[in-house]
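> This is protein_34.tsv, which holds TSV, N, CA, C and O atoms:
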```
chain	number	residue	atom	x	y	z
A	222	HIS	N	-20.21	134.43	43.37
A	222	HIS	CA	-19.71	135.79	43.28
A	222	HIS	C	-18.22	135.86	43.58
A	222	HIS	O	-17.51	136.67	43.00
A	223	LEU	N	-17.78	135.04	44.52
A	223	LEU	CA	-16.37	135.09	44.93
A	223	LEU	C	-15.44	134.77	43.77
A	223	LEU	O	-14.50	135.52	43.50
A	224	LEU	N	-15.71	133.70	43.07
A	224	LEU	CA	-14.81	133.30	41.97
A	224	LEU	C	-15.00	134.15	40.73
A	224	LEU	O	-14.17	134.12	39.84
A	225	ALA	N	-16.08	134.92	40.69
A	225	ALA	CA	-16.31	135.83	39.56
A	225	ALA	C	-15.64	137.18	39.82
A	225	ALA	O	-15.74	138.08	38.99
A	226	GLY	N	-14.96	137.30	40.96
A	226	GLY	CA	-14.27	138.54	41.28
A	226	GLY	C	-15.18	139.62	41.83
A	226	GLY	O	-14.80	140.78	41.92
A	227	GLN	N	-16.39	139.25	42.20
A	227	GLN	CA	-17.36	140.19	42.76
A	227	GLN	C	-17.28	140.13	44.28
A	227	GLN	O	-18.20	139.67	44.96
A	228	ASP	N	-16.15	140.60	44.81
A	228	ASP	CA	-15.87	140.45	46.23
A	228	ASP	C	-16.90	141.11	47.13
A	228	ASP	O	-17.28	140.54	48.16
A	229	ASP	N	-17.36	142.31	46.78
A	229	ASP	CA	-18.34	142.99	47.62
A	229	ASP	C	-19.65	142.22	47.68
A	229	ASP	O	-20.23	142.03	48.76
A	230	GLU	N	-20.11	141.76	46.53
A	230	GLU	CA	-21.36	141.00	46.48
A	230	GLU	C	-21.19	139.66	47.20
A	230	GLU	O	-22.07	139.23	47.94
A	231	ALA	N	-20.05	139.03	47.00
A	231	ALA	CA	-19.78	137.77	47.69
A	231	ALA	C	-19.76	137.98	49.19
A	231	ALA	O	-20.29	137.15	49.95
A	232	GLY	N	-19.19	139.09	49.63
A	232	GLY	CA	-19.14	139.40	51.05
A	232	GLY	C	-20.52	139.57	51.65
A	232	GLY	O	-20.79	139.08	52.76
A	233	LYS	N	-21.41	140.26	50.94
A	233	LYS	CA	-22.78	140.45	51.44
A	233	LYS	C	-23.48	139.10	51.62
A	233	LYS	O	-24.10	138.84	52.66
A	234	TRP	N	-23.41	138.26	50.60
A	234	TRP	CA	-24.06	136.95	50.67
A	234	TRP	C	-23.42	136.07	51.74
A	234	TRP	O	-24.11	135.35	52.46
A	235	ALA	N	-22.10	136.13	51.83
A	235	ALA	CA	-21.40	135.30	52.82
A	235	ALA	C	-21.76	135.71	54.24
A	235	ALA	O	-21.98	134.85	55.10
A	236	GLU	N	-21.82	137.01	54.50
A	236	GLU	CA	-22.18	137.47	55.84
A	236	GLU	C	-23.61	137.06	56.19
A	236	GLU	O	-23.88	136.64	57.32
A	237	ASN	N	-24.53	137.15	55.23
A	237	ASN	CA	-25.91	136.71	55.47
A	237	ASN	C	-25.97	135.21	55.77
A	237	ASN	O	-26.66	134.79	56.71
A	238	ALA	N	-25.28	134.43	54.96
A	238	ALA	CA	-25.28	132.98	55.16
A	238	ALA	C	-24.63	132.62	56.49
A	238	ALA	O	-25.13	131.74	57.22
A	239	PHE	N	-23.55	133.29	56.84
A	239	PHE	CA	-22.86	133.03	58.10
A	239	PHE	C	-23.76	133.36	59.29
A	239	PHE	O	-23.82	132.63	60.27
A	240	ARG	N	-24.50	134.46	59.18
A	240	ARG	CA	-25.42	134.86	60.25
A	240	ARG	C	-26.58	133.87	60.37
A	240	ARG	O	-26.96	133.47	61.46
A	241	ASP	N	-27.14	133.47	59.23
A	241	ASP	CA	-28.31	132.60	59.23
A	241	ASP	C	-27.99	131.13	59.49
A	241	ASP	O	-28.82	130.40	60.03
A	242	TYR	N	-26.80	130.71	59.05
A	242	TYR	CA	-26.40	129.30	59.18
A	242	TYR	C	-24.98	129.20	59.73
A	242	TYR	O	-24.05	128.78	59.03
A	243	PRO	N	-24.78	129.58	60.98
A	243	PRO	CA	-23.42	129.65	61.53
A	243	PRO	C	-22.69	128.31	61.60
A	243	PRO	O	-21.46	128.30	61.71
A	244	ASN	N	-23.40	127.22	61.52
A	244	ASN	CA	-22.75	125.92	61.57
A	244	ASN	C	-22.57	125.27	60.21
A	244	ASN	O	-22.11	124.14	60.11
A	245	TYR	N	-22.95	125.98	59.15
A	245	TYR	CA	-22.78	125.47	57.80
A	245	TYR	C	-21.34	125.72	57.37
A	245	TYR	O	-20.88	126.87	57.31
A	246	PHE	N	-20.62	124.66	57.07
A	246	PHE	CA	-19.19	124.73	56.81
A	246	PHE	C	-18.84	125.73	55.71
A	246	PHE	O	-17.99	126.60	55.89
A	247	PHE	N	-19.51	125.63	54.56
A	247	PHE	CA	-19.13	126.49	53.44
A	247	PHE	C	-19.50	127.95	53.67
A	247	PHE	O	-18.84	128.84	53.14
A	248	ALA	N	-20.52	128.21	54.47
A	248	ALA	CA	-20.81	129.61	54.83
A	248	ALA	C	-19.63	130.20	55.61
A	248	ALA	O	-19.24	131.34	55.39
A	249	ASN	N	-19.05	129.40	56.48
A	249	ASN	CA	-17.87	129.84	57.23
A	249	ASN	C	-16.67	130.04	56.32
A	249	ASN	O	-15.95	131.04	56.44
A	250	VAL	N	-16.46	129.11	55.41
A	250	VAL	CA	-15.32	129.20	54.48
A	250	VAL	C	-15.41	130.47	53.64
A	250	VAL	O	-14.45	131.25	53.55
A	251	ILE	N	-16.54	130.69	53.02
A	251	ILE	CA	-16.70	131.85	52.13
A	251	ILE	C	-16.65	133.14	52.94
A	251	ILE	O	-16.07	134.14	52.50
A	252	CYS	N	-17.21	133.14	54.12
A	252	CYS	CA	-17.15	134.33	54.98
A	252	CYS	C	-15.70	134.66	55.33
A	252	CYS	O	-15.28	135.82	55.26
A	253	ALA	N	-14.92	133.66	55.70
A	253	ALA	CA	-13.51	133.88	56.01
A	253	ALA	C	-12.77	134.45	54.79
A	253	ALA	O	-11.99	135.40	54.91
A	254	CYS	N	-13.05	133.89	53.62
A	254	CYS	CA	-12.40	134.35	52.39
A	254	CYS	C	-12.76	135.79	52.06
A	254	CYS	O	-11.88	136.60	51.76
A	255	THR	N	-14.04	136.11	52.11
A	255	THR	CA	-14.45	137.46	51.73
A	255	THR	C	-13.97	138.50	52.72
A	255	THR	O	-13.58	139.59	52.34
A	256	ARG	N	-13.94	138.14	54.00
A	256	ARG	CA	-13.39	139.07	54.99
A	256	ARG	C	-11.90	139.30	54.74
A	256	ARG	O	-11.42	140.43	54.83
A	257	ALA	N	-11.18	138.24	54.42
A	257	ALA	CA	-9.74	138.37	54.15
A	257	ALA	C	-9.50	139.25	52.93
A	257	ALA	O	-8.63	140.13	52.95
A	258	LEU	N	-10.26	139.02	51.88
A	258	LEU	CA	-10.08	139.81	50.66
A	258	LEU	C	-10.45	141.28	50.86
A	258	LEU	O	-9.91	142.15	50.17
A	259	ALA	N	-11.33	141.55	51.82
A	259	ALA	CA	-11.72	142.93	52.13
A	259	ALA	C	-10.75	143.58	53.11
A	259	ALA	O	-10.93	144.73	53.47
A	260	GLY	N	-9.73	142.83	53.51
A	260	GLY	CA	-8.73	143.38	54.44
A	260	GLY	C	-9.17	143.32	55.90
A	260	GLY	O	-8.52	143.89	56.76
A	261	ARG	N	-10.24	142.62	56.17
A	261	ARG	CA	-10.73	142.46	57.55
A	261	ARG	C	-10.13	141.18	58.13
A	261	ARG	O	-10.81	140.20	58.39
A	262	LEU	N	-8.82	141.22	58.32
A	262	LEU	CA	-8.07	140.01	58.66
A	262	LEU	C	-8.40	139.46	60.03
A	262	LEU	O	-8.43	138.24	60.21
A	263	GLU	N	-8.63	140.32	61.00
A	263	GLU	CA	-8.97	139.81	62.33
A	263	GLU	C	-10.27	139.00	62.28
A	263	GLU	O	-10.35	137.90	62.84
A	264	GLY	N	-11.27	139.54	61.60
A	264	GLY	CA	-12.54	138.83	61.45
A	264	GLY	C	-12.39	137.57	60.62
A	264	GLY	O	-13.00	136.54	60.92
A	265	ALA	N	-11.56	137.65	59.58
A	265	ALA	CA	-11.32	136.47	58.73
A	265	ALA	C	-10.67	135.36	59.53
A	265	ALA	O	-11.06	134.19	59.41
A	266	ARG	N	-9.71	135.71	60.35
A	266	ARG	CA	-9.01	134.69	61.14
A	266	ARG	C	-9.91	134.10	62.21
A	266	ARG	O	-9.80	132.91	62.53
A	267	ALA	N	-10.82	134.91	62.76
A	267	ALA	CA	-11.77	134.38	63.74
A	267	ALA	C	-12.68	133.33	63.09
A	267	ALA	O	-12.93	132.26	63.67
A	268	VAL	N	-13.16	133.62	61.90
A	268	VAL	CA	-14.01	132.65	61.20
A	268	VAL	C	-13.19	131.44	60.77
A	268	VAL	O	-13.65	130.30	60.84
A	269	MET	N	-11.94	131.67	60.35
A	269	MET	CA	-11.10	130.54	59.95
A	269	MET	C	-10.86	129.61	61.14
A	269	MET	O	-10.76	128.38	60.94
A	270	ALA	N	-10.81	130.14	62.33
A	270	ALA	CA	-10.67	129.27	63.51
A	270	ALA	C	-11.88	128.34	63.62
A	270	ALA	O	-11.73	127.16	63.96
A	271	ARG	N	-13.07	128.85	63.31
A	271	ARG	CA	-14.27	128.01	63.30
A	271	ARG	C	-14.17	126.94	62.21
A	271	ARG	O	-14.53	125.79	62.42
A	272	VAL	N	-13.70	127.35	61.04
A	272	VAL	CA	-13.51	126.41	59.93
A	272	VAL	C	-12.57	125.29	60.35
A	272	VAL	O	-12.86	124.11	60.11
A	273	ARG	N	-11.48	125.66	60.99
A	273	ARG	CA	-10.50	124.66	61.42
A	273	ARG	C	-11.06	123.74	62.50
A	273	ARG	O	-10.73	122.57	62.56
A	274	ASP	N	-11.95	124.28	63.36
A	274	ASP	CA	-12.61	123.43	64.35
A	274	ASP	C	-13.52	122.41	63.66
A	274	ASP	O	-13.62	121.27	64.09
A	275	MET	N	-14.19	122.85	62.59
A	275	MET	CA	-15.09	121.97	61.86
A	275	MET	C	-14.35	120.92	61.04
A	275	MET	O	-14.84	119.81	60.87
A	276	ASN	N	-13.18	121.30	60.54
A	276	ASN	CA	-12.39	120.40	59.70
A	276	ASN	C	-10.91	120.60	60.02
A	276	ASN	O	-10.21	121.31	59.31
A	277	PRO	N	-10.43	119.97	61.10
A	277	PRO	CA	-9.04	120.19	61.53
A	277	PRO	C	-7.98	119.75	60.52
A	277	PRO	O	-6.86	120.22	60.57
A	278	ALA	N	-8.34	118.88	59.61
A	278	ALA	CA	-7.37	118.38	58.63
A	278	ALA	C	-7.21	119.33	57.43
A	278	ALA	O	-6.29	119.14	56.62
A	279	LEU	N	-8.06	120.32	57.32
A	279	LEU	CA	-8.01	121.22	56.16
A	279	LEU	C	-6.72	122.04	56.16
A	279	LEU	O	-6.34	122.64	57.15
A	280	ARG	N	-6.06	122.05	55.01
A	280	ARG	CA	-4.82	122.80	54.80
A	280	ARG	C	-4.86	123.37	53.38
A	280	ARG	O	-5.61	122.91	52.53
A	281	LEU	N	-3.99	124.33	53.12
A	281	LEU	CA	-3.85	124.84	51.76
A	281	LEU	C	-3.45	123.72	50.82
A	281	LEU	O	-3.91	123.67	49.68
A	282	SER	N	-2.63	122.82	51.31
A	282	SER	CA	-2.12	121.73	50.46
A	282	SER	C	-3.20	120.73	50.05
A	282	SER	O	-3.04	120.03	49.05
A	283	ASN	N	-4.31	120.66	50.78
A	283	ASN	CA	-5.37	119.73	50.39
A	283	ASN	C	-6.69	120.46	50.07
A	283	ASN	O	-7.74	119.84	50.03
A	284	LEU	N	-6.60	121.73	49.83
A	284	LEU	CA	-7.78	122.55	49.57
A	284	LEU	C	-8.57	122.07	48.35
A	284	LEU	O	-9.79	122.04	48.36
A	285	GLN	N	-7.87	121.65	47.32
A	285	GLN	CA	-8.56	121.20	46.11
A	285	GLN	C	-9.38	119.94	46.35
A	285	GLN	O	-10.37	119.71	45.67
A	286	ASP	N	-9.01	119.16	47.35
A	286	ASP	CA	-9.80	117.97	47.68
A	286	ASP	C	-11.17	118.35	48.23
A	286	ASP	O	-12.13	117.61	48.07
A	287	LEU	N	-11.24	119.50	48.87
A	287	LEU	CA	-12.49	119.97	49.45
A	287	LEU	C	-13.48	120.38	48.38
A	287	LEU	O	-14.66	120.03	48.42
A	288	GLU	N	-13.00	121.12	47.40
A	288	GLU	CA	-13.87	121.63	46.33
A	288	GLU	C	-13.06	121.66	45.04
A	288	GLU	O	-12.35	122.63	44.78
A	289	PRO	N	-13.12	120.59	44.25
A	289	PRO	CA	-12.35	120.57	43.01
A	289	PRO	C	-12.84	121.66	42.05
A	289	PRO	O	-14.00	121.70	41.70
A	290	LEU	N	-11.96	122.54	41.71
A	290	LEU	CA	-12.29	123.64	40.80
A	290	LEU	C	-11.66	123.37	39.45
A	290	LEU	O	-10.50	122.94	39.38
A	291	ARG	N	-12.39	123.63	38.40
A	291	ARG	CA	-11.90	123.32	37.06
A	291	ARG	C	-10.84	124.30	36.57
A	291	ARG	O	-9.90	123.91	35.90
A	292	ARG	N	-11.02	125.56	36.88
A	292	ARG	CA	-10.09	126.57	36.37
A	292	ARG	C	-8.99	126.82	37.40
A	292	ARG	O	-9.27	127.07	38.58
A	293	SER	N	-7.76	126.76	36.96
A	293	SER	CA	-6.63	126.93	37.87
A	293	SER	C	-6.62	128.31	38.51
A	293	SER	O	-6.22	128.47	39.66
A	294	LYS	N	-7.11	129.33	37.79
A	294	LYS	CA	-7.14	130.68	38.37
A	294	LYS	C	-8.15	130.75	39.52
A	294	LYS	O	-7.95	131.49	40.47
A	295	ASP	N	-9.23	129.94	39.47
A	295	ASP	CA	-10.18	129.91	40.58
A	295	ASP	C	-9.53	129.30	41.82
A	295	ASP	O	-9.68	129.81	42.93
A	296	LEU	N	-8.80	128.20	41.62
A	296	LEU	CA	-8.11	127.57	42.74
A	296	LEU	C	-7.07	128.52	43.32
A	296	LEU	O	-6.94	128.64	44.54
A	297	ALA	N	-6.36	129.23	42.47
A	297	ALA	CA	-5.35	130.19	42.94
A	297	ALA	C	-5.99	131.31	43.75
A	297	ALA	O	-5.48	131.70	44.81
A	298	SER	N	-7.12	131.83	43.29
A	298	SER	CA	-7.82	132.90	44.01
A	298	SER	C	-8.32	132.41	45.36
A	298	SER	O	-8.19	133.09	46.37
A	299	TRP	N	-8.92	131.23	45.35
A	299	TRP	CA	-9.45	130.67	46.58
A	299	TRP	C	-8.33	130.37	47.57
A	299	TRP	O	-8.44	130.66	48.76
A	300	THR	N	-7.24	129.81	47.08
A	300	THR	CA	-6.10	129.51	47.93
A	300	THR	C	-5.53	130.79	48.54
A	300	THR	O	-5.21	130.83	49.73
A	301	ASP	N	-5.42	131.83	47.74
A	301	ASP	CA	-4.91	133.11	48.24
A	301	ASP	C	-5.80	133.66	49.35
A	301	ASP	O	-5.31	134.11	50.39
A	302	ALA	N	-7.09	133.62	49.14
A	302	ALA	CA	-8.03	134.12	50.15
A	302	ALA	C	-7.94	133.28	51.43
A	302	ALA	O	-7.94	133.83	52.54
A	303	MET	N	-7.86	131.97	51.29
A	303	MET	CA	-7.76	131.10	52.47
A	303	MET	C	-6.44	131.32	53.20
A	303	MET	O	-6.40	131.27	54.43
A	304	ARG	N	-5.37	131.57	52.47
A	304	ARG	CA	-4.06	131.87	53.08
A	304	ARG	C	-4.17	133.16	53.89
A	304	ARG	O	-3.73	133.21	55.05
A	305	LYS	N	-4.75	134.19	53.31
A	305	LYS	CA	-4.91	135.47	54.00
A	305	LYS	C	-5.77	135.31	55.26
A	305	LYS	O	-5.57	136.00	56.25
A	306	ALA	N	-6.73	134.40	55.19
A	306	ALA	CA	-7.62	134.16	56.34
A	306	ALA	C	-6.95	133.34	57.43
A	306	ALA	O	-7.50	133.21	58.51
A	307	GLY	N	-5.80	132.77	57.13
A	307	GLY	CA	-5.04	132.07	58.15
A	307	GLY	C	-4.99	130.57	58.04
A	307	GLY	O	-4.54	129.89	58.97
A	308	LEU	N	-5.43	129.99	56.92
A	308	LEU	CA	-5.33	128.54	56.76
A	308	LEU	C	-3.87	128.15	56.57
A	308	LEU	O	-3.18	128.72	55.73
A	309	PRO	N	-3.37	127.20	57.36
A	309	PRO	CA	-1.96	126.81	57.24
A	309	PRO	C	-1.67	126.00	55.98
A	309	PRO	O	-2.58	125.44	55.36
A	310	GLN	N	-0.40	125.94	55.66
A	310	GLN	CA	0.06	125.21	54.48
A	310	GLN	C	-0.27	123.74	54.62
A	310	GLN	O	-0.66	123.08	53.73
```
Mind converting the file's structure to structure tokens?


Amino acid sequence: HLLAGQDDEAGKWAENAFRDYPNYFFANVICACTRALAGRLEGARAVMARVRDMNPALRLSNLQDLEPLRRSKDLASWTDAMRKAGLPQ
């Protein structure tokens, strides 16, 4: 849903996954992204802190290594959301 531009739907699923599987890395990543895109920056940054604890080496500069995306616009959208959530360069 996130890469399809369905931010509200992505947010619902991400919050459910984050609640049910708080230690699942990608649930945290998507939750941070959807909160950031919804303008809930404090919550997004709190979840991004968990993401960074799980993967301290993660940066915007190596984001594509985590999840290679075929379409450049998907990578740009994901990078923008991760930046808003507080992932460093």

> Would you please give, as a ChimeraX atom specification, all residues of chain A that DSSP assigns to alpha helix (DSSP H) based on the backbone?

/A:228-241,246-258,262-275,284-287,293-306

> Just the residues within 4.5 Å of region 277-288 of chain A, please, counting all atoms listed in the file, with nothing from its chain fewer than 4 positions along; format it as an MDAnalysis selection string.

chainID A and resid 273 309:310

> Near region 244-247 of chain A, within 8 Å and counting only N, CA, C and O atoms, which residues show up once chain neighbours fewer than 2 positions away are dropped, as a PyMOL selection string?

chain A and resi 235+238-242+249-254+268+271-272+275-276

> Counting only N, CA, C and O atoms, which residue out of A:Asn237, A:Ala248, A:Ala257, A:Glu230 sits closest to Asp301 (chain A)?

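Of A:Asn237, A:Ala248, A:Ala257, A:Glu230, the one nearest Asp301 (chain A) is A:Ala257, counting only N, CA, C and O atoms.
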
> CA of Glu236 (chain A) and CA of Ala267 (chain A), how far apart in Å?

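Result for CA of Ala267 (chain A) versus CA of Glu236 (chain A): 13.4 Å, one decimal.
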
> To one decimal place in Å, what is the distance between atom C of Ser298 (chain A) and atom O of Arg261 (chain A)?

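Atom O of Arg261 (chain A) lies 15.4 Å from atom C of Ser298 (chain A).
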
> State, in Å with one decimal place, the distance from CA of Gly264 (chain A) to CA of Ala297 (chain A).

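Spanning CA of Gly264 (chain A) to CA of Ala297 (chain A) is a straight-line distance of 21.7 Å.
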
> Taking all atoms listed in the file into account, name the residue in A:Ala259, A:Arg266, A:Asp274, A:Arg291 that is nearest to Lys305 (chain A).

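Smallest distance to Lys305 (chain A) is found for A:Arg266.
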
> Edge lengths and centre, in Å to one decimal, as lines of an AutoDock Vina configuration file: that's what I need for the box along x, y and z that holds all listed atoms of region 275-286 of chain A plus 3 Å on each side.


```
center_x = -8.6
center_y = 121.2
center_z = 54.1
size_x = 19.0
size_y = 13.2
size_z = 22.9
```

> As a PDB file, in the frame of the given file, could you write out region 260-271 of chain A once it has been completed with all heavy atoms?


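Result file follows (selection_25.pdb):
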```pdb
ATOM      1  N   GLY A 260      -9.730 142.830  53.510  1.00  0.00           N
ATOM      2  CA  GLY A 260      -8.730 143.380  54.440  1.00  0.00           C
ATOM      3  C   GLY A 260      -9.170 143.320  55.900  1.00  0.00           C
ATOM      4  O   GLY A 260      -8.520 143.890  56.760  1.00  0.00           O
ATOM      5  N   ARG A 261     -10.240 142.620  56.170  1.00  0.00           N
ATOM      6  CA  ARG A 261     -10.730 142.460  57.550  1.00  0.00           C
ATOM      7  C   ARG A 261     -10.130 141.180  58.130  1.00  0.00           C
ATOM      8  O   ARG A 261     -10.810 140.200  58.390  1.00  0.00           O
ATOM      9  CB  ARG A 261     -12.255 142.430  57.537  1.00  0.00           C
ATOM     10  CG  ARG A 261     -12.852 143.731  57.010  1.00  0.00           C
ATOM     11  CD  ARG A 261     -14.335 143.692  56.755  1.00  0.00           C
ATOM     12  NE  ARG A 261     -15.088 143.010  57.797  1.00  0.00           N
ATOM     13  CZ  ARG A 261     -16.208 142.331  57.574  1.00  0.00           C
ATOM     14  NH1 ARG A 261     -16.697 142.245  56.349  1.00  0.00           N
ATOM     15  NH2 ARG A 261     -16.851 141.745  58.553  1.00  0.00           N
ATOM     16  N   LEU A 262      -8.820 141.220  58.320  1.00  0.00           N
ATOM     17  CA  LEU A 262      -8.070 140.010  58.660  1.00  0.00           C
ATOM     18  C   LEU A 262      -8.400 139.460  60.030  1.00  0.00           C
ATOM     19  O   LEU A 262      -8.430 138.240  60.210  1.00  0.00           O
ATOM     20  CB  LEU A 262      -6.571 140.270  58.519  1.00  0.00           C
ATOM     21  CG  LEU A 262      -6.114 140.621  57.096  1.00  0.00           C
ATOM     22  CD1 LEU A 262      -4.601 140.819  57.063  1.00  0.00           C
ATOM     23  CD2 LEU A 262      -6.532 139.554  56.110  1.00  0.00           C
ATOM     24  N   GLU A 263      -8.630 140.320  61.000  1.00  0.00           N
ATOM     25  CA  GLU A 263      -8.970 139.810  62.330  1.00  0.00           C
ATOM     26  C   GLU A 263     -10.270 139.000  62.280  1.00  0.00           C
ATOM     27  O   GLU A 263     -10.350 137.900  62.840  1.00  0.00           O
ATOM     28  CB  GLU A 263      -9.095 140.968  63.321  1.00  0.00           C
ATOM     29  CG  GLU A 263      -9.295 140.516  64.750  1.00  0.00           C
ATOM     30  CD  GLU A 263      -9.300 141.680  65.727  1.00  0.00           C
ATOM     31  OE1 GLU A 263      -8.564 142.663  65.514  1.00  0.00           O
ATOM     32  OE2 GLU A 263     -10.051 141.585  66.710  1.00  0.00           O
ATOM     33  N   GLY A 264     -11.270 139.540  61.600  1.00  0.00           N
ATOM     34  CA  GLY A 264     -12.540 138.830  61.450  1.00  0.00           C
ATOM     35  C   GLY A 264     -12.390 137.570  60.620  1.00  0.00           C
ATOM     36  O   GLY A 264     -13.000 136.540  60.920  1.00  0.00           O
ATOM     37  N   ALA A 265     -11.560 137.650  59.580  1.00  0.00           N
ATOM     38  CA  ALA A 265     -11.320 136.470  58.730  1.00  0.00           C
ATOM     39  C   ALA A 265     -10.670 135.360  59.530  1.00  0.00           C
ATOM     40  O   ALA A 265     -11.060 134.190  59.410  1.00  0.00           O
ATOM     41  CB  ALA A 265     -10.435 136.851  57.548  1.00  0.00           C
ATOM     42  N   ARG A 266      -9.710 135.710  60.350  1.00  0.00           N
ATOM     43  CA  ARG A 266      -9.010 134.690  61.140  1.00  0.00           C
ATOM     44  C   ARG A 266      -9.910 134.100  62.210  1.00  0.00           C
ATOM     45  O   ARG A 266      -9.800 132.910  62.530  1.00  0.00           O
ATOM     46  CB  ARG A 266      -7.733 135.281  61.705  1.00  0.00           C
ATOM     47  CG  ARG A 266      -6.747 135.533  60.576  1.00  0.00           C
ATOM     48  CD  ARG A 266      -5.393 135.979  61.028  1.00  0.00           C
ATOM     49  NE  ARG A 266      -4.559 136.142  59.838  1.00  0.00           N
ATOM     50  CZ  ARG A 266      -3.861 137.225  59.575  1.00  0.00           C
ATOM     51  NH1 ARG A 266      -3.858 138.243  60.412  1.00  0.00           N
ATOM     52  NH2 ARG A 266      -3.150 137.301  58.467  1.00  0.00           N
ATOM     53  N   ALA A 267     -10.820 134.910  62.760  1.00  0.00           N
ATOM     54  CA  ALA A 267     -11.770 134.380  63.740  1.00  0.00           C
ATOM     55  C   ALA A 267     -12.680 133.330  63.090  1.00  0.00           C
ATOM     56  O   ALA A 267     -12.930 132.260  63.670  1.00  0.00           O
ATOM     57  CB  ALA A 267     -12.602 135.516  64.332  1.00  0.00           C
ATOM     58  N   VAL A 268     -13.160 133.620  61.900  1.00  0.00           N
ATOM     59  CA  VAL A 268     -14.010 132.650  61.200  1.00  0.00           C
ATOM     60  C   VAL A 268     -13.190 131.440  60.770  1.00  0.00           C
ATOM     61  O   VAL A 268     -13.650 130.300  60.840  1.00  0.00           O
ATOM     62  CB  VAL A 268     -14.752 133.302  60.013  1.00  0.00           C
ATOM     63  CG1 VAL A 268     -15.585 132.267  59.264  1.00  0.00           C
ATOM     64  CG2 VAL A 268     -15.638 134.439  60.495  1.00  0.00           C
ATOM     65  N   MET A 269     -11.940 131.670  60.350  1.00  0.00           N
ATOM     66  CA  MET A 269     -11.100 130.540  59.950  1.00  0.00           C
ATOM     67  C   MET A 269     -10.860 129.610  61.140  1.00  0.00           C
ATOM     68  O   MET A 269     -10.760 128.380  60.940  1.00  0.00           O
ATOM     69  CB  MET A 269      -9.760 131.040  59.386  1.00  0.00           C
ATOM     70  CG  MET A 269      -8.855 129.929  58.891  1.00  0.00           C
ATOM     71  SD  MET A 269      -9.593 128.810  57.659  1.00  0.00           S
ATOM     72  CE  MET A 269      -9.752 129.916  56.278  1.00  0.00           C
ATOM     73  N   ALA A 270     -10.810 130.140  62.330  1.00  0.00           N
ATOM     74  CA  ALA A 270     -10.670 129.270  63.510  1.00  0.00           C
ATOM     75  C   ALA A 270     -11.880 128.340  63.620  1.00  0.00           C
ATOM     76  O   ALA A 270     -11.730 127.160  63.960  1.00  0.00           O
ATOM     77  CB  ALA A 270     -10.516 130.118  64.772  1.00  0.00           C
ATOM     78  N   ARG A 271     -13.070 128.850  63.310  1.00  0.00           N
ATOM     79  CA  ARG A 271     -14.270 128.010  63.300  1.00  0.00           C
ATOM     80  C   ARG A 271     -14.170 126.940  62.210  1.00  0.00           C
ATOM     81  O   ARG A 271     -14.530 125.790  62.420  1.00  0.00           O
ATOM     82  CB  ARG A 271     -15.520 128.856  63.085  1.00  0.00           C
ATOM     83  CG  ARG A 271     -15.879 129.760  64.243  1.00  0.00           C
ATOM     84  CD  ARG A 271     -17.061 130.654  63.905  1.00  0.00           C
ATOM     85  NE  ARG A 271     -18.218 129.937  63.389  1.00  0.00           N
ATOM     86  CZ  ARG A 271     -19.170 129.377  64.128  1.00  0.00           C
ATOM     87  NH1 ARG A 271     -19.109 129.460  65.438  1.00  0.00           N
ATOM     88  NH2 ARG A 271     -20.193 128.759  63.558  1.00  0.00           N
TER      89      ARG A 271
END
```
